[in-house]
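What follows is protein36.cif (mmCIF, C-alpha atoms).
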data_structure
loop_
_atom_site.group_PDB
_atom_site.id
_atom_site.type_symbol
_atom_site.label_atom_id
_atom_site.label_comp_id
_atom_site.auth_asym_id
_atom_site.auth_seq_id
_atom_site.Cartn_x
_atom_site.Cartn_y
_atom_site.Cartn_z
ATOM 1 C CA MET A 719 19.629 -109.268 -7.258
ATOM 2 C CA ASN A 720 23.254 -110.354 -7.687
ATOM 3 C CA ILE A 721 25.723 -107.497 -7.986
ATOM 4 C CA ALA A 722 29.312 -107.873 -9.154
ATOM 5 C CA SER A 723 31.552 -105.648 -7.090
ATOM 6 C CA LYS A 724 35.274 -105.048 -6.706
ATOM 7 C CA CYS A 725 36.956 -104.937 -3.328
ATOM 8 C CA SER A 726 38.015 -101.415 -2.420
ATOM 9 C CA ARG A 727 41.342 -102.712 -1.060
ATOM 10 C CA CYS A 728 42.573 -105.637 -3.161
ATOM 11 C CA GLY A 729 40.426 -105.259 -6.295
ATOM 12 C CA ALA A 730 39.154 -108.851 -6.215
ATOM 13 C CA GLU A 731 35.760 -109.256 -7.826
ATOM 14 C CA HIS A 732 32.947 -110.768 -5.828
ATOM 15 C CA SER A 733 29.254 -111.293 -6.389
ATOM 16 C CA ALA A 734 26.952 -110.107 -3.607
ATOM 17 C CA SER A 735 23.217 -110.590 -3.338
ATOM 18 C CA VAL A 736 20.950 -107.772 -2.158
ATOM 19 C CA PRO A 737 17.185 -107.351 -2.547
ATOM 20 C CA GLN A 738 15.971 -104.498 -4.731
ATOM 21 C CA SER A 739 13.401 -103.474 -2.137
ATOM 22 C CA VAL A 740 12.280 -104.046 1.430
ATOM 23 C CA ASN A 741 8.796 -103.746 2.875
ATOM 24 C CA ALA A 742 9.362 -102.918 6.561
ATOM 25 C CA SER A 743 6.000 -104.401 7.606
ATOM 26 C CA THR A 744 6.384 -107.791 5.987
ATOM 27 C CA SER A 745 10.171 -108.116 6.497
ATOM 28 C CA PRO A 746 11.096 -106.545 9.854
ATOM 29 C CA GLU A 747 14.368 -108.501 9.933
ATOM 30 C CA LEU A 748 15.402 -106.929 6.617
ATOM 31 C CA LYS A 749 14.326 -103.503 7.888
ATOM 32 C CA GLU A 750 16.867 -103.842 10.708
ATOM 33 C CA GLN A 751 19.557 -104.817 8.213
ATOM 34 C CA VAL A 752 18.728 -101.723 6.135
ATOM 35 C CA ARG A 753 18.604 -99.516 9.259
ATOM 36 C CA SER A 754 22.053 -100.695 10.342
ATOM 37 C CA GLY A 755 23.473 -100.581 6.806
ATOM 38 C CA ALA A 756 24.416 -104.271 7.022
ATOM 39 C CA LEU A 757 22.242 -105.159 4.016
ATOM 40 C CA PHE A 758 24.577 -103.114 1.796
ATOM 41 C CA THR A 759 27.926 -104.445 2.998
ATOM 42 C CA TRP A 760 29.986 -107.431 1.955
ATOM 43 C CA THR A 761 33.291 -108.743 3.205
ATOM 44 C CA CYS A 762 35.964 -109.578 0.664
ATOM 45 C CA PRO A 763 36.761 -113.307 0.901
ATOM 46 C CA HIS A 764 40.349 -112.595 -0.216
ATOM 47 C CA CYS A 765 41.491 -109.814 2.131
ATOM 48 C CA GLY A 766 38.669 -109.441 4.673
ATOM 49 C CA THR A 767 37.896 -105.788 3.849
ATOM 50 C CA ALA A 768 34.330 -104.633 4.440
ATOM 51 C CA ASN A 769 32.889 -103.054 1.294
ATOM 52 C CA LEU A 770 29.756 -101.040 0.637
ATOM 53 C CA LEU A 771 27.441 -101.861 -2.253
ATOM 54 C CA LYS A 772 25.828 -98.982 -4.091
ATOM 55 C CA VAL A 773 22.671 -100.274 -5.730
ATOM 56 C CA PRO A 774 19.284 -98.798 -6.610
ATOM 57 C CA PHE A 775 16.953 -99.691 -3.764
ATOM 58 C CA LEU A 776 13.374 -99.053 -2.571
ATOM 59 C CA TYR A 777 12.489 -98.904 1.119
ATOM 60 C CA HIS A 778 8.754 -99.054 1.857
ATOM 61 C CA ASP A 779 7.221 -98.651 5.315
ATOM 62 C CA PRO A 780 3.427 -98.825 5.028
ATOM 63 C CA ASN A 781 3.001 -98.223 8.779
ATOM 64 C CA GLU A 782 4.848 -94.883 8.561
ATOM 65 C CA ARG A 783 3.490 -94.272 5.029
ATOM 66 C CA VAL A 784 7.006 -93.690 3.723
ATOM 67 C CA MET A 785 8.812 -94.688 0.526
ATOM 68 C CA ILE A 786 12.505 -93.920 0.155
ATOM 69 C CA VAL A 787 14.393 -94.554 -3.070
ATOM 70 C CA LEU A 788 18.176 -94.910 -3.097
ATOM 71 C CA SER A 789 19.317 -93.860 -6.569
ATOM 72 C CA ASP A 790 21.471 -91.342 -8.414
ATOM 73 C CA ALA A 791 18.993 -91.214 -11.302
ATOM 74 C CA SER A 792 16.282 -88.566 -11.410
ATOM 75 C CA MET A 793 13.015 -90.033 -10.209
ATOM 76 C CA SER A 794 9.352 -89.078 -10.351
ATOM 77 C CA ALA A 795 6.677 -89.944 -7.822
ATOM 78 C CA GLU A 796 4.152 -91.388 -10.238
ATOM 79 C CA GLY A 797 2.222 -94.096 -8.466
ATOM 80 C CA LEU A 798 3.123 -92.911 -4.958
ATOM 81 C CA PRO A 799 0.106 -93.811 -2.788
ATOM 82 C CA GLU A 800 -2.017 -90.950 -1.437
ATOM 83 C CA GLY A 801 -0.812 -89.651 1.904
ATOM 84 C CA TYR A 802 2.688 -91.087 1.539
ATOM 85 C CA THR A 803 5.945 -89.247 2.071
ATOM 86 C CA GLY A 804 8.324 -89.962 -0.795
ATOM 87 C CA ARG A 805 12.040 -89.269 -0.582
ATOM 88 C CA GLN A 806 15.071 -89.883 -2.745
ATOM 89 C CA VAL A 807 18.519 -90.348 -1.248
ATOM 90 C CA ARG A 808 21.905 -90.709 -2.894
ATOM 91 C CA SER A 809 23.798 -92.827 -0.327
ATOM 92 C CA VAL A 810 23.265 -95.691 2.097
ATOM 93 C CA GLY A 811 24.127 -93.307 4.956
ATOM 94 C CA ASP A 812 21.362 -90.938 3.844
ATOM 95 C CA LEU A 813 18.913 -93.866 3.617
ATOM 96 C CA VAL A 814 19.764 -94.996 7.150
ATOM 97 C CA GLU A 815 19.378 -91.437 8.452
ATOM 98 C CA LYS A 816 15.940 -90.974 6.832
ATOM 99 C CA ILE A 817 14.705 -94.250 8.323
ATOM 100 C CA LYS A 818 15.894 -93.178 11.788
ATOM 101 C CA ILE A 819 14.137 -89.817 11.412
ATOM 102 C CA PHE A 820 10.828 -91.341 10.317
ATOM 103 C CA ASP A 821 11.044 -94.146 12.909
ATOM 104 C CA ALA A 822 11.411 -91.455 15.596
ATOM 105 C CA GLY A 823 8.170 -89.870 14.346
ATOM 106 C CA LEU A 824 9.989 -86.722 13.232
ATOM 107 C CA ASP A 825 9.736 -84.571 10.119
ATOM 108 C CA ASP A 826 12.843 -84.687 7.923
ATOM 109 C CA LEU A 827 12.333 -81.109 6.707
ATOM 110 C CA ILE A 828 12.457 -79.910 10.303
ATOM 111 C CA ILE A 829 15.496 -82.098 11.014
ATOM 112 C CA GLU A 830 17.345 -80.541 8.050
ATOM 113 C CA MET A 831 16.532 -77.121 9.484
ATOM 114 C CA CYS A 832 17.819 -78.290 12.901
ATOM 115 C CA LYS A 833 21.070 -79.428 11.281
ATOM 116 C CA PHE A 834 21.429 -76.033 9.582
ATOM 117 C CA VAL A 835 20.820 -74.138 12.835
ATOM 118 C CA THR A 836 23.134 -76.444 14.803
ATOM 119 C CA CYS A 837 25.983 -75.909 12.311
ATOM 120 C CA GLN A 838 25.463 -72.156 12.655
ATOM 121 C CA GLU A 839 25.628 -72.450 16.447
ATOM 122 C CA LEU A 840 28.727 -74.657 16.300
ATOM 123 C CA LYS A 841 30.295 -72.238 13.794
ATOM 124 C CA LYS A 842 31.315 -75.297 11.793
ATOM 125 C CA ASP A 843 30.656 -76.362 8.230
ATOM 126 C CA VAL A 844 30.163 -80.075 8.906
ATOM 127 C CA ALA A 845 27.833 -82.739 7.565
ATOM 128 C CA LEU A 846 25.585 -83.556 10.515
ATOM 129 C CA LYS A 847 23.666 -86.834 10.549
ATOM 130 C CA PHE A 848 20.674 -87.511 12.785
ATOM 131 C CA ALA A 849 21.559 -90.346 15.174
ATOM 132 C CA GLY A 850 18.507 -90.455 17.428
ATOM 133 C CA THR A 851 16.427 -88.811 20.106
ATOM 134 C CA ASP A 852 15.949 -89.435 23.792
ATOM 135 C CA GLY A 853 12.180 -89.350 24.240
ATOM 136 C CA ALA A 854 9.670 -86.767 23.034
ATOM 137 C CA ASP A 855 11.013 -84.010 25.292
ATOM 138 C CA GLY A 856 14.626 -85.176 25.340
ATOM 139 C CA GLU A 857 17.646 -84.334 23.295
ATOM 140 C CA MET A 858 18.362 -85.074 19.668
ATOM 141 C CA THR A 859 21.795 -86.440 18.880
ATOM 142 C CA PHE A 860 23.691 -85.670 15.696
ATOM 143 C CA THR A 861 27.039 -87.037 14.552
ATOM 144 C CA TYR A 862 29.693 -85.575 12.304
ATOM 145 C CA PRO A 863 33.208 -86.553 11.214
ATOM 146 C CA GLU A 864 36.127 -84.523 12.527
ATOM 147 C CA ASN A 865 39.820 -85.403 12.482
ATOM 148 C CA GLY A 866 39.127 -88.993 11.473
ATOM 149 C CA GLN A 867 36.631 -89.620 14.286
ATOM 150 C CA MET A 868 32.885 -89.305 14.720
ATOM 151 C CA GLU A 869 31.868 -86.528 17.072
ATOM 152 C CA LEU A 870 28.492 -86.281 18.808
ATOM 153 C CA VAL A 871 26.481 -83.155 19.482
ATOM 154 C CA ALA A 872 23.302 -83.176 21.578
ATOM 155 C CA VAL A 873 20.621 -80.590 20.879
ATOM 156 C CA GLY A 874 17.563 -79.856 22.990
ATOM 157 C CA PHE A 875 14.175 -80.743 21.533
ATOM 158 C CA ASN A 876 13.298 -77.045 21.740
ATOM 159 C CA VAL A 877 15.482 -76.570 18.632
ATOM 160 C CA TYR A 878 13.167 -78.949 16.749
ATOM 161 C CA GLU A 879 10.135 -76.984 17.947
ATOM 162 C CA ASP A 880 11.749 -73.657 16.974
ATOM 163 C CA CYS A 881 12.615 -74.992 13.514
ATOM 164 C CA ALA A 882 9.066 -76.298 13.090
ATOM 165 C CA GLY A 883 7.909 -72.733 13.778
ATOM 166 C CA ILE A 884 10.283 -71.338 11.150
ATOM 167 C CA LEU A 885 8.914 -73.761 8.555
ATOM 168 C CA GLN A 886 5.345 -72.929 9.555
ATOM 169 C CA ARG A 887 6.050 -69.210 9.027
ATOM 170 C CA ASN A 888 7.641 -69.992 5.649
ATOM 171 C CA PRO A 889 5.109 -72.309 3.949
ATOM 172 C CA GLN A 890 6.811 -71.909 0.568
ATOM 173 C CA ILE A 891 9.563 -74.220 1.830
ATOM 174 C CA ARG A 892 7.222 -77.146 2.498
ATOM 175 C CA ASP A 893 5.136 -76.303 -0.571
ATOM 176 C CA SER A 894 8.232 -76.738 -2.765
ATOM 177 C CA VAL A 895 8.485 -80.440 -1.862
ATOM 178 C CA GLN A 896 7.219 -82.441 -4.824
ATOM 179 C CA GLY A 897 7.193 -86.199 -5.400
ATOM 180 C CA LEU A 898 10.319 -88.100 -4.452
ATOM 181 C CA ALA A 899 12.139 -85.087 -3.089
ATOM 182 C CA CYS A 900 15.792 -85.213 -2.155
ATOM 183 C CA ILE A 901 15.568 -83.365 1.190
ATOM 184 C CA ASP A 902 19.068 -82.541 2.408
ATOM 185 C CA GLN A 903 21.280 -79.556 3.202
ATOM 186 C CA ALA A 904 21.744 -78.739 -0.510
ATOM 187 C CA TRP A 905 17.963 -78.572 -0.900
ATOM 188 C CA LEU A 906 17.582 -76.392 2.209
ATOM 189 C CA SER A 907 20.357 -74.015 1.114
ATOM 190 C CA ARG A 908 18.082 -72.803 -1.710
ATOM 191 C CA PHE A 909 16.029 -71.021 0.949
ATOM 192 C CA PHE A 910 18.788 -69.837 3.306
ATOM 193 C CA ARG A 911 21.843 -68.258 1.725
#
Step by step, read the file and then write its structure as structure tokens.
Amino acid sequence: MNIASKCSRCGAEHSASVPQSVNASTSPELKEQVRSGALFTWTCPHCGTANLLKVPFLYHDPNERVMIVLSDASMSAEGLPEGYTGRQVRSVGDLVEKIKIFDAGLDDLIIEMCKFVTCQELKKDVALKFAGTDGADGEMTFTYPENGQMELVAVGFNVYEDCAGILQRNPQIRDSVQGLACIDQAWLSRFFR
């Protein structure tokens, strides 16, 4: 699809082309462009500024049995195949994070709980993003912006296991996930005030 977009710096209009969806199995090269965020960026031919496109988008990974929809509009999960995890995200950054979580074989509900616990431990109200993990028993790395820079925080995998236990003891949290759920800190805050 061709999208008309204005440069965030000079205001020049430019048309950029981006697919409306990507199937990770049949288009692994596009999956990598989605995972890096490159699929959603364009460089202004007038001033050279990198710009981010915000377009409705569907990411489908049949191997992981995951569908992620990037959209601000309310969505339903009608037609979601049996056994699939469906998620809705509101930004490209959130889309990239979800893909990294699912590619690592992790549960995004547990990761959101880990982010909540980590913020409590740091005594900071920051927006953590999952960056990756170092093996099954290794550390998880989260990033967050502070003073104009990205900071890293490493968390032991035991935090993931502890958070999985919390969710297991509170099944109403997982049971509340319906359809194309928007699983983020705002969603989790409904259960932990």
Task: Evaluate the PyMOL selection byres ((chain A and resi 902) around 9) and report residues as a VMD selection string - done: chain A and resid 807 812 826 to 827 830 900 to 901 903 to 907
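Considering only C-alpha atoms, the residue among A:Tyr878, A:Phe909, A:Phe775, A:Trp760 positioned nearest to Arg805 in chain A is A:Phe775.
When the PyMOL selection byres ((chain A and resi 764-771) around 9) is evaluated on the file shown here, the picked residues come out as Ile721, Ser723, Lys724, Cys725, Ser726, Arg727, Cys728, Ala730, Ala734, Val736, Gly755, Ala756, Leu757, Phe758, Thr759, Trp760, Thr761, Cys762, Pro763, Lys772, Val773 and Val810 of chain A.
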- [ ] Return as number ranges by chain the set of residues that the PyMOL selection byres ((chain A and resi 798-800) around 12) yields on the displayed structure.
- [x] A: 778-780, 783-787, 793-797, 801-805, 896-898
Open item on the list: Given the point (24.4, -84.6, 11.6) in the file's coordinates, find the residues that have an atom at most 6 Å from it, counting all atoms listed in the file, and give them as a list of chain:residue names.
Closed with: A:Ala845, A:Leu846, A:Lys847, A:Phe848, A:Phe860, A:Thr861, A:Tyr862
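Here CA of Val871 in chain A and CA of Met831 in chain A stand 15.3 Å from one another.
Here CA of Asn781 in chain A and CA of Ser743 in chain A stand 7.0 Å from one another.
Distances here use only C-alpha atoms; by that measure, the residue among A:Pro737, A:Ser809, A:Ile828, A:Glu864 closest to Lys842 in chain A is A:Glu864.
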Any chance you could model N, CA and C atoms for range 723-759 of chain A and send them as an mmCIF file, in the coordinates of the input?
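Final output, out_34.cif:
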data_model
loop_
_atom_site.group_PDB
_atom_site.id
_atom_site.type_symbol
_atom_site.label_atom_id
_atom_site.label_comp_id
_atom_site.auth_asym_id
_atom_site.auth_seq_id
_atom_site.Cartn_x
_atom_site.Cartn_y
_atom_site.Cartn_z
ATOM 1 N N SER A 723 30.903 -106.796 -7.707
ATOM 2 C CA SER A 723 31.552 -105.648 -7.090
ATOM 3 C C SER A 723 33.027 -105.953 -6.880
ATOM 4 N N LYS A 724 33.844 -104.899 -6.954
ATOM 5 C CA LYS A 724 35.274 -105.048 -6.706
ATOM 6 C C LYS A 724 35.592 -104.596 -5.296
ATOM 7 N N CYS A 725 36.513 -105.299 -4.666
ATOM 8 C CA CYS A 725 36.956 -104.937 -3.328
ATOM 9 C C CYS A 725 37.692 -103.600 -3.388
ATOM 10 N N SER A 726 37.391 -102.734 -2.451
ATOM 11 C CA SER A 726 38.015 -101.415 -2.420
ATOM 12 C C SER A 726 39.493 -101.484 -2.046
ATOM 13 N N ARG A 727 39.932 -102.589 -1.464
ATOM 14 C CA ARG A 727 41.342 -102.712 -1.060
ATOM 15 C C ARG A 727 42.165 -103.529 -2.067
ATOM 16 N N CYS A 728 41.740 -104.760 -2.332
ATOM 17 C CA CYS A 728 42.573 -105.637 -3.161
ATOM 18 C C CYS A 728 42.114 -105.729 -4.617
ATOM 19 N N GLY A 729 40.925 -105.243 -4.928
ATOM 20 C CA GLY A 729 40.426 -105.259 -6.295
ATOM 21 C C GLY A 729 39.811 -106.571 -6.738
ATOM 22 N N ALA A 730 39.760 -107.559 -5.859
ATOM 23 C CA ALA A 730 39.154 -108.851 -6.215
ATOM 24 C C ALA A 730 37.664 -108.668 -6.477
ATOM 25 N N GLU A 731 37.181 -109.344 -7.508
ATOM 26 C CA GLU A 731 35.760 -109.256 -7.826
ATOM 27 C C GLU A 731 34.997 -110.296 -7.028
ATOM 28 N N HIS A 732 33.797 -109.901 -6.640
ATOM 29 C CA HIS A 732 32.947 -110.768 -5.828
ATOM 30 C C HIS A 732 31.502 -110.471 -6.206
ATOM 31 N N SER A 733 30.677 -111.475 -6.130
ATOM 32 C CA SER A 733 29.254 -111.293 -6.389
ATOM 33 C C SER A 733 28.519 -111.279 -5.048
ATOM 34 N N ALA A 734 27.728 -110.225 -4.846
ATOM 35 C CA ALA A 734 26.952 -110.107 -3.607
ATOM 36 C C ALA A 734 25.480 -110.042 -3.975
ATOM 37 N N SER A 735 24.655 -110.580 -3.104
ATOM 38 C CA SER A 735 23.217 -110.590 -3.338
ATOM 39 C C SER A 735 22.541 -109.611 -2.397
ATOM 40 N N VAL A 736 21.689 -108.750 -2.954
ATOM 41 C CA VAL A 736 20.950 -107.772 -2.158
ATOM 42 C C VAL A 736 19.562 -107.610 -2.787
ATOM 43 N N PRO A 737 18.515 -107.557 -1.969
ATOM 44 C CA PRO A 737 17.185 -107.351 -2.547
ATOM 45 C C PRO A 737 17.065 -105.948 -3.145
ATOM 46 N N GLN A 738 16.184 -105.800 -4.104
ATOM 47 C CA GLN A 738 15.971 -104.498 -4.731
ATOM 48 C C GLN A 738 15.054 -103.615 -3.892
ATOM 49 N N SER A 739 14.312 -104.248 -2.971
ATOM 50 C CA SER A 739 13.401 -103.474 -2.137
ATOM 51 C C SER A 739 13.145 -104.226 -0.831
ATOM 52 N N VAL A 740 12.674 -103.473 0.148
ATOM 53 C CA VAL A 740 12.280 -104.046 1.430
ATOM 54 C C VAL A 740 10.983 -103.389 1.865
ATOM 55 N N ASN A 741 10.020 -104.218 2.254
ATOM 56 C CA ASN A 741 8.796 -103.746 2.875
ATOM 57 C C ASN A 741 8.988 -103.952 4.378
ATOM 58 N N ALA A 742 9.055 -102.857 5.125
ATOM 59 C CA ALA A 742 9.362 -102.918 6.561
ATOM 60 C C ALA A 742 8.308 -103.676 7.354
ATOM 61 N N SER A 743 7.069 -103.698 6.883
ATOM 62 C CA SER A 743 6.000 -104.401 7.606
ATOM 63 C C SER A 743 6.088 -105.904 7.451
ATOM 64 N N THR A 744 6.365 -106.358 6.234
ATOM 65 C CA THR A 744 6.384 -107.791 5.987
ATOM 66 C C THR A 744 7.755 -108.417 6.224
ATOM 67 N N SER A 745 8.813 -107.598 6.281
ATOM 68 C CA SER A 745 10.171 -108.116 6.497
ATOM 69 C C SER A 745 10.903 -107.297 7.556
ATOM 70 N N PRO A 746 10.451 -107.359 8.818
ATOM 71 C CA PRO A 746 11.096 -106.545 9.854
ATOM 72 C C PRO A 746 12.576 -106.881 10.052
ATOM 73 N N GLU A 747 12.956 -108.138 9.788
ATOM 74 C CA GLU A 747 14.368 -108.501 9.933
ATOM 75 C C GLU A 747 15.224 -107.804 8.876
ATOM 76 N N LEU A 748 14.677 -107.658 7.659
ATOM 77 C CA LEU A 748 15.402 -106.929 6.617
ATOM 78 C C LEU A 748 15.421 -105.431 6.906
ATOM 79 N N LYS A 749 14.344 -104.916 7.510
ATOM 80 C CA LYS A 749 14.326 -103.503 7.888
ATOM 81 C C LYS A 749 15.507 -103.207 8.808
ATOM 82 N N GLU A 750 15.755 -104.069 9.768
ATOM 83 C CA GLU A 750 16.867 -103.842 10.708
ATOM 84 C C GLU A 750 18.210 -103.894 9.996
ATOM 85 N N GLN A 751 18.315 -104.758 8.987
ATOM 86 C CA GLN A 751 19.557 -104.817 8.213
ATOM 87 C C GLN A 751 19.746 -103.550 7.374
ATOM 88 N N VAL A 752 18.645 -102.990 6.863
ATOM 89 C CA VAL A 752 18.728 -101.723 6.135
ATOM 90 C C VAL A 752 19.088 -100.616 7.110
ATOM 91 N N ARG A 753 18.412 -100.581 8.254
ATOM 92 C CA ARG A 753 18.604 -99.516 9.259
ATOM 93 C C ARG A 753 20.031 -99.486 9.792
ATOM 94 N N SER A 754 20.662 -100.637 9.866
ATOM 95 C CA SER A 754 22.053 -100.695 10.342
ATOM 96 C C SER A 754 23.057 -100.525 9.199
ATOM 97 N N GLY A 755 22.589 -100.647 7.966
ATOM 98 C CA GLY A 755 23.473 -100.581 6.806
ATOM 99 C C GLY A 755 24.059 -101.931 6.429
ATOM 100 N N ALA A 756 23.824 -102.950 7.254
ATOM 101 C CA ALA A 756 24.416 -104.271 7.022
ATOM 102 C C ALA A 756 23.958 -104.904 5.706
ATOM 103 N N LEU A 757 22.761 -104.582 5.254
ATOM 104 C CA LEU A 757 22.242 -105.159 4.016
ATOM 105 C C LEU A 757 23.110 -104.771 2.816
ATOM 106 N N PHE A 758 23.811 -103.654 2.923
ATOM 107 C CA PHE A 758 24.577 -103.114 1.796
ATOM 108 C C PHE A 758 26.080 -103.350 1.912
ATOM 109 N N THR A 759 26.495 -104.194 2.846
ATOM 110 C CA THR A 759 27.926 -104.445 2.998
ATOM 111 C C THR A 759 28.252 -105.894 2.653
#
